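Peer 1: Next comes upload.txt, compact mmCIF, C-alpha atoms:
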# COMPACT_ATOMS: atom_id res chain seq x y z
CA MET A 1 -139.72 125.58 -62.97
CA LEU A 2 -138.91 124.44 -59.50
CA TRP A 3 -135.36 123.77 -60.38
CA LEU A 4 -134.75 127.33 -61.40
CA CYS A 5 -135.63 128.65 -57.99
CA GLY A 6 -132.13 129.42 -56.81
CA VAL A 7 -131.34 125.86 -55.98
CA ALA A 8 -127.92 126.41 -57.38
CA LEU A 9 -125.59 126.26 -54.46
CA THR A 10 -127.74 126.67 -51.45
CA ALA A 11 -128.67 123.16 -50.49
CA ALA A 12 -126.48 121.16 -48.23
CA LEU A 13 -123.15 120.41 -49.74
CA THR A 14 -122.03 118.18 -46.95
CA PRO A 15 -119.56 115.72 -48.34
CA SER A 16 -121.05 112.34 -47.86
CA ALA A 17 -118.94 109.69 -46.33
CA LEU A 18 -116.82 108.00 -48.88
CA SER A 19 -117.45 104.35 -49.17
CA ALA A 20 -115.24 102.61 -46.69
CA GLN A 21 -111.94 101.32 -47.89
CA THR A 22 -111.93 97.57 -47.81
CA GLU A 23 -108.83 95.99 -46.39
CA SER A 24 -109.36 92.67 -48.07
CA GLU A 25 -108.55 93.92 -51.53
CA THR A 26 -105.86 92.15 -53.42
CA GLN A 27 -102.73 94.23 -53.26
CA PRO A 28 -101.80 95.09 -56.83
CA PHE A 29 -98.30 96.25 -55.94
CA THR A 30 -95.58 94.00 -54.60
CA GLU A 31 -92.04 94.71 -53.47
CA ALA A 32 -90.69 92.29 -56.08
CA ASP A 33 -92.57 94.11 -58.82
CA TYR A 34 -91.29 97.39 -57.46
CA ASP A 35 -87.68 96.18 -57.41
CA ALA A 36 -88.00 94.98 -60.98
CA ASN A 37 -89.74 98.01 -62.43
CA ALA A 38 -88.99 101.11 -60.40
CA ARG A 39 -86.39 103.47 -61.71
CA GLN A 40 -84.60 106.38 -60.09
CA ALA A 41 -85.68 109.21 -62.36
CA LEU A 42 -84.53 112.10 -60.20
CA GLU A 43 -82.58 112.61 -57.02
CA ARG A 44 -84.50 112.23 -53.82
CA ASP A 45 -86.33 115.48 -53.00
CA ALA A 46 -85.47 117.03 -56.35
CA PHE A 47 -89.02 118.29 -56.09
CA PRO A 48 -89.12 120.70 -53.14
CA VAL A 49 -91.89 119.19 -51.05
CA LEU A 50 -94.07 121.69 -49.21
CA ASP A 51 -94.40 121.51 -45.43
CA ASN A 52 -97.28 123.46 -43.90
CA PRO A 53 -97.22 125.94 -46.79
CA ALA A 54 -98.51 129.49 -46.49
CA THR A 55 -102.14 129.90 -47.48
CA VAL A 56 -104.56 132.79 -47.78
CA MET A 57 -108.30 132.93 -47.33
CA GLY A 58 -110.25 132.51 -50.53
CA ARG A 59 -111.66 136.04 -50.39
CA ASP A 60 -108.10 137.43 -50.31
CA VAL A 61 -106.84 135.42 -53.26
CA GLY A 62 -107.52 138.22 -55.74
CA ALA A 63 -105.50 137.81 -58.92
CA GLN A 64 -103.25 135.12 -57.46
CA ILE A 65 -105.51 132.39 -58.82
CA ASP A 66 -107.48 132.81 -62.03
CA ALA A 67 -111.19 132.01 -61.93
CA ASN A 68 -110.77 129.21 -64.45
CA GLU A 69 -107.55 127.86 -63.03
CA MET A 70 -107.69 124.21 -62.01
CA VAL A 71 -107.33 123.45 -58.34
CA ILE A 72 -107.36 120.36 -56.17
CA GLY A 73 -110.06 120.97 -53.58
CA ILE A 74 -110.15 119.18 -50.26
CA GLU A 75 -112.60 119.46 -47.42
CA VAL A 76 -112.02 117.71 -44.12
CA ASN A 77 -114.51 118.13 -41.29
CA GLY A 78 -115.88 121.29 -42.83
CA VAL A 79 -112.48 122.90 -43.37
CA ALA A 80 -111.75 123.50 -47.06
CA ARG A 81 -108.56 124.30 -48.93
CA ALA A 82 -107.66 124.64 -52.59
CA TYR A 83 -104.30 123.71 -54.07
CA PRO A 84 -103.74 125.20 -57.53
CA ILE A 85 -102.38 122.50 -59.81
CA ALA A 86 -99.87 124.91 -61.32
CA VAL A 87 -98.36 125.46 -57.86
CA MET A 88 -98.47 121.77 -56.96
CA GLY A 89 -96.69 121.03 -60.24
CA LYS A 90 -93.63 122.73 -58.79
CA HIS A 91 -93.65 120.67 -55.60
CA GLU A 92 -95.70 117.56 -56.37
CA LEU A 93 -96.22 116.87 -52.69
CA ALA A 94 -97.39 118.83 -49.66
CA ASN A 95 -97.53 117.87 -46.01
CA ASP A 96 -100.24 120.06 -44.62
CA GLU A 97 -102.64 120.51 -41.75
CA LEU A 98 -106.29 121.18 -42.35
CA GLY A 99 -108.24 121.85 -39.18
CA ASP A 100 -107.38 118.95 -36.89
CA ALA A 101 -106.28 116.70 -39.72
CA ALA A 102 -102.76 116.12 -40.98
CA ILE A 103 -102.93 115.47 -44.69
CA THR A 104 -100.70 114.84 -47.64
CA VAL A 105 -101.57 116.36 -50.97
CA SER A 106 -100.01 115.04 -54.12
CA TRP A 107 -100.15 115.88 -57.78
CA MET B 1 -105.05 112.76 -50.81
CA TYR B 2 -104.40 111.00 -47.58
CA ASP B 3 -104.53 111.34 -43.85
CA ARG B 4 -100.90 111.37 -42.69
CA LYS B 5 -101.76 109.92 -39.33
CA VAL B 6 -100.99 106.23 -39.02
CA GLY B 7 -101.89 104.89 -35.60
CA ASP B 8 -100.60 107.49 -33.14
CA GLU B 9 -97.91 108.77 -35.42
CA VAL B 10 -98.15 111.63 -37.87
CA LEU B 11 -95.94 110.96 -40.85
CA SER B 12 -94.47 113.49 -43.22
CA PHE B 13 -93.45 112.64 -46.71
CA GLY B 14 -90.67 113.43 -49.12
CA HIS B 15 -90.28 112.76 -52.82
CA GLU B 16 -88.19 109.68 -53.53
CA GLY B 17 -87.53 110.65 -57.14
CA VAL B 18 -88.38 107.13 -58.26
CA LEU B 19 -90.82 106.42 -61.04
CA TYR B 20 -92.83 103.26 -60.70
CA ARG B 21 -95.54 102.33 -63.14
CA ARG B 22 -95.56 105.87 -64.51
CA SER B 23 -96.11 107.43 -61.14
CA PHE B 24 -93.86 108.63 -58.38
CA ILE B 25 -92.93 107.16 -55.05
CA MET B 26 -92.87 109.00 -51.77
CA TYR B 27 -90.97 108.13 -48.62
CA ASP B 28 -91.89 108.89 -45.04
CA ARG B 29 -89.21 110.78 -43.17
CA GLN B 30 -89.88 108.84 -39.98
CA SER B 31 -89.05 105.33 -41.20
CA GLU B 32 -87.92 105.90 -44.80
CA SER B 33 -90.46 103.41 -46.01
CA LEU B 34 -91.50 103.80 -49.63
CA TRP B 35 -95.11 104.52 -50.49
CA VAL B 36 -97.03 104.37 -53.74
CA HIS B 37 -98.91 107.64 -53.77
CA VAL B 38 -101.77 106.50 -55.96
CA SER B 39 -102.73 103.65 -53.67
CA GLY B 40 -101.48 105.09 -50.38
CA GLU B 41 -99.73 101.89 -49.44
CA ALA B 42 -96.18 101.25 -48.29
CA ILE B 43 -94.47 98.89 -50.70
CA LYS B 44 -91.04 98.64 -49.10
CA GLY B 45 -89.41 99.33 -45.76
CA PRO B 46 -90.44 99.01 -42.12
CA ARG B 47 -93.99 100.13 -42.83
CA LYS B 48 -94.48 97.80 -45.77
CA GLY B 49 -98.12 96.75 -46.07
CA GLN B 50 -99.49 99.72 -44.15
CA ARG B 51 -101.98 101.94 -45.86
CA LEU B 52 -102.87 105.59 -45.49
CA LYS B 53 -106.48 106.56 -45.11
CA PHE B 54 -107.83 107.98 -48.36
CA LEU B 55 -109.42 111.42 -48.20
CA PRO B 56 -111.76 112.56 -50.95
CA SER B 57 -110.69 115.48 -53.09
CA GLU B 58 -111.72 116.91 -56.39
CA VAL B 59 -110.19 118.68 -59.33
CA THR B 60 -112.20 121.65 -60.48
CA THR B 61 -111.88 125.34 -61.33
CA TRP B 62 -111.02 127.83 -58.62
CA ASN B 63 -114.27 129.66 -59.33
CA ASP B 64 -116.35 126.52 -58.87
CA TRP B 65 -114.54 125.52 -55.66
CA PHE B 66 -114.69 129.01 -54.12
CA THR B 67 -118.39 129.39 -54.94
CA ARG B 68 -119.20 126.18 -53.14
CA HIS B 69 -116.71 126.73 -50.31
CA PRO B 70 -116.72 130.47 -49.57
CA MET B 71 -114.69 129.95 -46.39
CA THR B 72 -111.95 128.02 -48.17
CA SER B 73 -108.31 128.87 -47.84
CA ALA B 74 -105.95 128.48 -50.76
CA LEU B 75 -102.33 127.71 -51.39
CA VAL B 76 -100.57 130.49 -53.26
CA GLY B 77 -97.10 130.36 -54.67
CA GLU B 78 -94.92 130.20 -57.68
CA LYS B 79 -96.44 128.36 -60.60
CA VAL B 80 -94.88 126.16 -63.18
CA SER B 81 -95.19 126.94 -66.82
CA GLY B 82 -95.63 124.44 -69.61
CA PHE B 83 -98.02 121.55 -69.35
CA MET B 84 -98.62 121.77 -65.62
CA GLY B 85 -98.88 125.53 -65.65
CA THR B 86 -101.45 125.61 -68.35
CA PHE B 87 -103.19 122.49 -67.18
CA SER B 88 -106.86 122.62 -67.86
CA LEU B 89 -109.23 119.72 -67.86
CA ARG B 90 -111.28 121.73 -70.30
CA ASP B 91 -108.54 121.68 -72.92
CA ARG B 92 -107.35 118.18 -72.20
CA MET B 93 -110.66 116.53 -71.51
CA ASN B 94 -109.95 113.75 -74.01
CA GLU B 95 -107.06 112.47 -71.95
CA PHE B 96 -108.92 112.22 -68.68
CA GLY B 97 -111.47 110.00 -67.11
CA LEU B 98 -113.17 109.34 -63.82
CA SER B 99 -111.61 106.39 -62.00
CA ILE B 100 -114.35 104.75 -59.98
CA GLY B 101 -113.77 102.16 -57.29
CA GLN B 102 -110.85 101.18 -55.15
CA GLY B 103 -108.22 98.49 -55.13
CA ARG B 104 -108.23 96.36 -58.23
CA GLU B 105 -111.86 96.62 -59.13
CA VAL B 106 -111.82 99.97 -60.82
CA SER B 107 -113.22 101.37 -64.02
CA LEU B 108 -112.19 104.46 -65.88
CA LEU B 109 -115.03 106.37 -67.44
CA ARG B 110 -113.68 108.74 -70.03
CA PHE B 111 -114.71 112.39 -69.80
CA THR B 112 -115.50 112.31 -73.51
CA MET B 113 -118.15 109.70 -72.72
CA LEU B 114 -119.46 111.65 -69.75
CA LYS B 115 -119.67 114.74 -71.88
CA ARG B 116 -122.14 112.92 -74.11
CA VAL B 117 -123.90 111.08 -71.28
CA PRO B 118 -123.56 113.31 -68.22
CA VAL B 119 -125.61 111.00 -66.02
CA MET B 120 -124.43 107.46 -66.56
CA GLN B 121 -125.29 104.31 -64.70
CA LEU B 122 -122.77 101.53 -64.41
CA THR B 123 -121.66 98.72 -62.16
CA VAL B 124 -118.22 98.85 -60.58
CA ALA B 125 -117.10 96.11 -58.21
CA LYS B 126 -120.68 94.80 -58.08
CA GLN B 127 -121.86 98.17 -56.89
CA GLU B 128 -124.56 100.06 -58.77
CA VAL B 129 -123.19 103.49 -59.41
CA VAL B 130 -124.30 106.65 -61.13
CA ALA B 131 -121.47 108.72 -62.58
CA VAL B 132 -122.24 112.37 -63.11
CA PHE B 133 -120.60 115.18 -65.01
CA ASP B 134 -120.81 118.96 -64.93
CA PRO B 135 -119.73 120.06 -68.40
CA GLN B 136 -119.38 123.67 -67.36
CA ALA B 137 -116.89 123.01 -64.56
CA VAL B 138 -115.49 119.89 -66.28
CA ARG B 139 -116.01 118.01 -63.07
CA ALA B 140 -117.13 114.45 -62.52
CA THR B 141 -118.04 112.39 -59.50
CA ALA B 142 -120.03 109.28 -58.66
CA PHE B 143 -122.69 108.12 -56.22
CA SER B 144 -124.23 104.87 -55.17
CA ARG B 145 -127.68 104.31 -56.67
CA ARG B 146 -128.82 102.52 -53.53
CA LEU B 147 -130.90 104.54 -51.15
CA GLY B 148 -131.99 102.32 -48.29
CA GLU B 149 -133.92 99.45 -49.86
CA ARG B 150 -134.35 101.26 -53.15
CA LEU B 151 -132.28 101.07 -56.29
CA LEU B 152 -132.78 104.35 -58.07
CA ASN B 153 -132.63 104.94 -61.81
CA PHE B 154 -131.25 108.29 -62.79
CA GLU B 155 -131.46 110.34 -65.92
CA THR B 156 -130.36 113.78 -66.97
CA VAL B 157 -132.74 116.63 -66.37
CA LEU B 158 -132.06 119.61 -68.53
CA PRO B 159 -132.96 122.87 -66.88
CA GLU B 160 -135.51 124.80 -68.88
CA THR B 161 -134.17 127.86 -70.52
CA THR B 162 -135.51 130.93 -68.83
CA LYS B 163 -138.62 132.09 -70.51
CA PRO B 164 -139.43 135.75 -70.13
CA THR B 165 -142.86 136.15 -68.63
CA GLY B 166 -143.50 139.27 -70.60
CA ASP B 167 -142.91 141.39 -67.56
CA ALA B 168 -140.47 143.98 -68.80
CA ASP B 169 -139.03 144.52 -65.33
CA GLU B 170 -138.06 140.97 -64.87
CA THR B 171 -134.35 140.73 -64.62
CA ALA B 172 -132.67 138.89 -67.43
CA THR B 173 -129.76 137.85 -65.28
CA VAL B 174 -130.04 134.26 -64.29
CA HIS B 175 -127.27 132.33 -62.66
CA ALA B 176 -126.46 129.15 -64.45
CA PRO B 177 -128.41 126.58 -62.50
CA ALA B 178 -126.59 123.68 -60.91
CA PRO B 179 -126.81 120.64 -63.16
CA LEU B 180 -129.60 118.30 -62.18
CA MET B 181 -130.78 114.76 -62.57
CA GLY B 182 -134.03 113.03 -61.90
CA ASP B 183 -134.89 109.56 -60.68
CA SER B 184 -137.51 107.71 -62.67
CA ASN B 185 -138.66 105.77 -59.59
CA THR B 186 -140.27 108.74 -57.89
CA GLY B 187 -139.66 111.63 -60.29
CA SER B 188 -137.70 113.46 -57.62
CA LEU B 189 -135.18 116.07 -58.62
CA TRP B 190 -131.54 115.85 -57.52
CA GLN B 191 -128.53 118.10 -57.63
CA ARG B 192 -126.33 116.17 -59.96
CA MET B 193 -122.96 117.04 -58.45
CA THR B 194 -123.83 116.78 -54.77
CA GLY B 195 -126.27 113.87 -54.84
CA HIS B 196 -128.72 115.87 -52.78
CA CYS B 197 -132.45 115.61 -53.48
CA ILE B 198 -134.04 119.03 -53.75
CA ALA B 199 -137.61 118.31 -54.80
CA GLY B 200 -140.15 115.52 -54.92
CA GLU B 201 -140.91 112.55 -52.73
CA LEU B 202 -137.27 112.02 -51.75
CA VAL B 203 -136.52 115.67 -50.96
CA GLY B 204 -133.75 116.00 -48.39
CA GLU B 205 -132.25 112.60 -49.14
CA GLN B 206 -128.55 112.31 -49.83
CA LEU B 207 -126.83 109.73 -52.03
CA ASP B 208 -123.63 108.13 -50.76
CA ALA B 209 -120.51 109.12 -52.64
CA VAL B 210 -118.32 106.35 -53.98
CA SER B 211 -114.59 106.61 -54.43
CA ALA B 212 -114.02 108.44 -57.70
CA VAL B 213 -111.00 110.45 -58.81
CA ALA B 214 -110.09 112.16 -62.07
CA TRP B 215 -107.16 110.38 -63.73
CA MET B 216 -105.19 110.78 -66.87
CA GLY B 217 -106.07 107.71 -68.97
CA LYS B 218 -102.48 106.94 -69.91
CA ARG B 219 -101.29 106.96 -66.30
CA TRP B 220 -104.30 105.00 -65.15
CA LYS B 221 -103.61 102.24 -67.64
CA GLY B 222 -100.11 101.90 -66.22
CA PHE B 223 -101.53 101.16 -62.82
CA PHE B 224 -104.57 99.19 -63.77
CA PRO B 225 -103.57 97.31 -66.91
CA ASP B 226 -106.61 95.05 -66.54
CA GLY B 227 -108.99 97.84 -65.59
CA GLU B 228 -111.97 98.54 -67.77
CA ILE B 229 -111.95 101.77 -69.76
CA ILE B 230 -115.35 102.99 -70.84
CA GLY B 231 -115.54 105.28 -73.84
CA LEU B 232 -113.11 105.90 -76.65
CA PRO B 233 -110.48 108.59 -76.79
CA GLU B 234 -111.52 111.15 -79.36
CA SER B 235 -109.34 113.47 -81.28
CA GLY B 236 -111.80 116.29 -81.60
CA GLN B 237 -114.48 117.58 -79.33
What would the structure in this file look like if it were written as structure tokens?
Peer 2:
Amino acid sequence: MLWLCGVALTAALTPSALSAQTESETQPFTEADYDANARQALERDAFPVLDNPATVMGRDVGAQIDANEMVIGIEVNGVARAYPIAVMGKHELANDELGDAAITVSW
Amino acid sequence: MYDRKVGDEVLSFGHEGVLYRRSFIMYDRQSESLWVHVSGEAIKGPRKGQRLKFLPSEVTTWNDWFTRHPMTSALVGEKVSGFMGTFSLRDRMNEFGLSIGQGREVSLLRFTMLKRVPVMQLTVAKQEVVAVFDPQAVRATAFSRRLGERLLNFETVLPETTKPTGDADETATVHAPAPLMGDSNTGSLWQRMTGHCIAGELVGEQLDAVSAVAWMGKRWKGFFPDGEIIGLPESGQ
């Protein structure tokens, strides 16, 4: 019964450090492969990329995001932000700042 | 998601409009180098060979995210309709999987498989990993099974259904408990989705997360043609 005792979301949810990115990995993408296979599908910036977009606090979201709507969630140094996929689908890319970090969000 | 800071410079990105291996290319406005967004590396231009630092993110429901991050902020704005607008991992679970690992040594574990085996042990890039799934939130992540010198073996622990004690005043409202798992080494109890031990000999211990991102299987195959896919796509659920 121990696990029913309100363990739900109270314990530490600290994001653990992601395993370090190794630099020695074989690079799967090459410029030659890119030149051979990439194709201009749209004009540059046909998707209106977001720069430091307006956000609201979660408690003020109200009906702007449905409870079951899918979001991309990011937490950097304890600062969290959610990017609804339906909004990101319009822009595909966001240059944002989260706390002290400058991040890029893509969908 | 990536850190936009490279050395002392903060880059900002635009959308190149180019499709490469079924995914799009971004350019940095500072040097106009071209970057593959799924790997975070510059493939062409003055910054060729440079790599952005990967930042962990997750795809989940707003409700799940907000519950776990009550101080979160959120992007609001116009939404697309159609596939993206109605996107739900719940409805399209068959098409998605959890991509575990980085670089070339990656495996895609289909959500349909995780749905059946929500705590699954596997080896990716010689690393012993436990992949976990929360069927309610349709969310998956992965942890290393190594804790110090120990290699832990995990299995699903199903929360007991609430049994009324006979006390008529006892409230019937019970919040759905967070999904759990247990290790058979010590019998300790762990929060499945956070990798945090909440009871038993290892209480307070935390598993290390490994790089794991939800991917659409079709797109993933374009990038990792030799990558291992675990589980079969299923037509029904």
Peer 1: Could the residues of chain A that have an atom at most 6 Å from chain B be listed as CSV, each with its closest atom pair and the distance in Å to one decimal, counting all atoms listed in the file and ordered by chain and ascending residue number?
Peer 2:
residue,atom,partner,partner_atom,distance
A:Ala8,CA,B:Ala178,CA,4.7
A:Ser16,CA,B:Asp208,CA,5.7
A:Leu18,CA,B:Ala209,CA,5.4
A:Ser19,CA,B:Val210,CA,5.3
A:Glu25,CA,B:Gly103,CA,5.8
A:Glu31,CA,B:Ile43,CA,5.6
A:Ala38,CA,B:Tyr20,CA,4.4
A:Arg39,CA,B:Leu19,CA,5.4
A:Gln40,CA,B:Val18,CA,4.3
A:Ala41,CA,B:Val18,CA,5.3
A:Leu42,CA,B:Gly17,CA,4.5
A:Glu43,CA,B:Gly17,CA,5.3
A:Arg44,CA,B:Glu16,CA,4.5
A:Asp45,CA,B:His15,CA,4.8
A:Thr55,CA,B:Leu75,CA,4.5
A:Val56,CA,B:Ala74,CA,5.4
A:Met57,CA,B:Ser73,CA,4.1
A:Gly58,CA,B:Ser73,CA,4.9
A:Ala67,CA,B:Asn63,CA,4.7
A:Asn68,CA,B:Thr61,CA,5.1
A:Glu69,CA,B:Thr61,CA,5.3
A:Met70,CA,B:Thr61,CA,4.4
A:Val71,CA,B:Thr60,CA,5.6
A:Ile72,CA,B:Val59,CA,4.6
A:Gly73,CA,B:Glu58,CA,5.2
A:Ile74,CA,B:Ser57,CA,4.7
A:Ala80,CA,B:Thr72,CA,4.7
A:Arg81,CA,B:Ser73,CA,4.7
A:Ala82,CA,B:Ala74,CA,4.6
A:Tyr83,CA,B:Leu75,CA,5.2
A:Ala86,CA,B:Gly85,CA,4.5
A:Val87,CA,B:Lys79,CA,4.4
A:Gly89,CA,B:Met84,CA,5.8
A:Lys90,CA,B:Val80,CA,5.7
A:Ala102,CA,B:Arg4,CA,5.4
A:Ile103,CA,B:Asp3,CA,4.5
A:Thr104,CA,B:Tyr2,CA,5.3
A:Val105,CA,B:Met1,CA,5.0
Peer 1: Write the residues of the selection above to a file with C-alpha atoms, as a PDB file, in the coordinates of the input.
Peer 2:
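Done, and the output landed in result_31.pdb:
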ATOM      1  CA  ALA A   8    -127.920 126.410 -57.380  1.00  0.00           C
ATOM      2  CA  SER A  16    -121.050 112.340 -47.860  1.00  0.00           C
ATOM      3  CA  LEU A  18    -116.820 108.000 -48.880  1.00  0.00           C
ATOM      4  CA  SER A  19    -117.450 104.350 -49.170  1.00  0.00           C
ATOM      5  CA  GLU A  25    -108.550  93.920 -51.530  1.00  0.00           C
ATOM      6  CA  GLU A  31     -92.040  94.710 -53.470  1.00  0.00           C
ATOM      7  CA  ALA A  38     -88.990 101.110 -60.400  1.00  0.00           C
ATOM      8  CA  ARG A  39     -86.390 103.470 -61.710  1.00  0.00           C
ATOM      9  CA  GLN A  40     -84.600 106.380 -60.090  1.00  0.00           C
ATOM     10  CA  ALA A  41     -85.680 109.210 -62.360  1.00  0.00           C
ATOM     11  CA  LEU A  42     -84.530 112.100 -60.200  1.00  0.00           C
ATOM     12  CA  GLU A  43     -82.580 112.610 -57.020  1.00  0.00           C
ATOM     13  CA  ARG A  44     -84.500 112.230 -53.820  1.00  0.00           C
ATOM     14  CA  ASP A  45     -86.330 115.480 -53.000  1.00  0.00           C
ATOM     15  CA  THR A  55    -102.140 129.900 -47.480  1.00  0.00           C
ATOM     16  CA  VAL A  56    -104.560 132.790 -47.780  1.00  0.00           C
ATOM     17  CA  MET A  57    -108.300 132.930 -47.330  1.00  0.00           C
ATOM     18  CA  GLY A  58    -110.250 132.510 -50.530  1.00  0.00           C
ATOM     19  CA  ALA A  67    -111.190 132.010 -61.930  1.00  0.00           C
ATOM     20  CA  ASN A  68    -110.770 129.210 -64.450  1.00  0.00           C
ATOM     21  CA  GLU A  69    -107.550 127.860 -63.030  1.00  0.00           C
ATOM     22  CA  MET A  70    -107.690 124.210 -62.010  1.00  0.00           C
ATOM     23  CA  VAL A  71    -107.330 123.450 -58.340  1.00  0.00           C
ATOM     24  CA  ILE A  72    -107.360 120.360 -56.170  1.00  0.00           C
ATOM     25  CA  GLY A  73    -110.060 120.970 -53.580  1.00  0.00           C
ATOM     26  CA  ILE A  74    -110.150 119.180 -50.260  1.00  0.00           C
ATOM     27  CA  ALA A  80    -111.750 123.500 -47.060  1.00  0.00           C
ATOM     28  CA  ARG A  81    -108.560 124.300 -48.930  1.00  0.00           C
ATOM     29  CA  ALA A  82    -107.660 124.640 -52.590  1.00  0.00           C
ATOM     30  CA  TYR A  83    -104.300 123.710 -54.070  1.00  0.00           C
ATOM     31  CA  ALA A  86     -99.870 124.910 -61.320  1.00  0.00           C
ATOM     32  CA  VAL A  87     -98.360 125.460 -57.860  1.00  0.00           C
ATOM     33  CA  GLY A  89     -96.690 121.030 -60.240  1.00  0.00           C
ATOM     34  CA  LYS A  90     -93.630 122.730 -58.790  1.00  0.00           C
ATOM     35  CA  ALA A 102    -102.760 116.120 -40.980  1.00  0.00           C
ATOM     36  CA  ILE A 103    -102.930 115.470 -44.690  1.00  0.00           C
ATOM     37  CA  THR A 104    -100.700 114.840 -47.640  1.00  0.00           C
ATOM     38  CA  VAL A 105    -101.570 116.360 -50.970  1.00  0.00           C
TER      39      VAL A 105
END
Peer 1: Could you tell me which of B:Met181, B:Arg29, B:Trp35, B:Val132 comes closest to Thr30 of chain A if we count all atoms listed in the file?
Peer 2: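 Using all atoms listed in the file, the shortest distance to Thr30 of chain A belongs to B:Trp35.
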Peer 1: Interatomic distance between atom CA of Met93 of chain B and atom CA of Thr112 of chain B?
Peer 2: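 According to the coordinates, atom CA of Met93 of chain B and atom CA of Thr112 of chain B are separated by 6.7 Å.
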Peer 1: Quick one: everything within 8 Å of Ser184 of chain B, counting only C-alpha atoms, minus sequence neighbours fewer than 4 positions away in the same chain. Send it as a list in words.
Peer 2: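 With the cut-off at 8 Å, the set is Leu152, Asn153, Phe154, Glu155 and Ser188 of chain B.
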Peer 1: With all atoms listed in the file as the basis for distance, which of B:Arg47, B:Arg145, B:Arg219, B:Arg150 is at the shortest distance from Val119 of chain B?
Peer 2: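 Distance minimum relative to Val119 of chain B lands on B:Arg145.
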Peer 1: From the set A:Asp33, A:Glu75, A:Asp66, A:Glu92, which residue has the shortest atom-to-atom contact distance to Trp107 of chain A, counting all atoms listed in the file?
Peer 2: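 Looking only at the distances to Trp107 of chain A, the closest residue turns out to be A:Glu92.
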Peer 1: Just to confirm, what's the straight-line distance from atom CA of Ala214 of chain B to atom CA of Ser107 of chain B in Å (one decimal)?
Peer 2: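 These atoms are spaced 11.4 Å apart.
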Peer 1: Let me make sure I understand: among B:Glu32, B:Asn185, B:Leu147, B:Gly227, which one has the smallest atom-to-atom distance to Glu205 of chain B if we use all atoms listed in the file?
Peer 2: B:Leu147
Peer 1: Report the distance between atom CA of Ala54 of chain A and atom CA of Gly99 of chain A in Å, rounded to one decimal place.
Peer 2: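 That distance, rounded to one decimal, is 14.4 Å.
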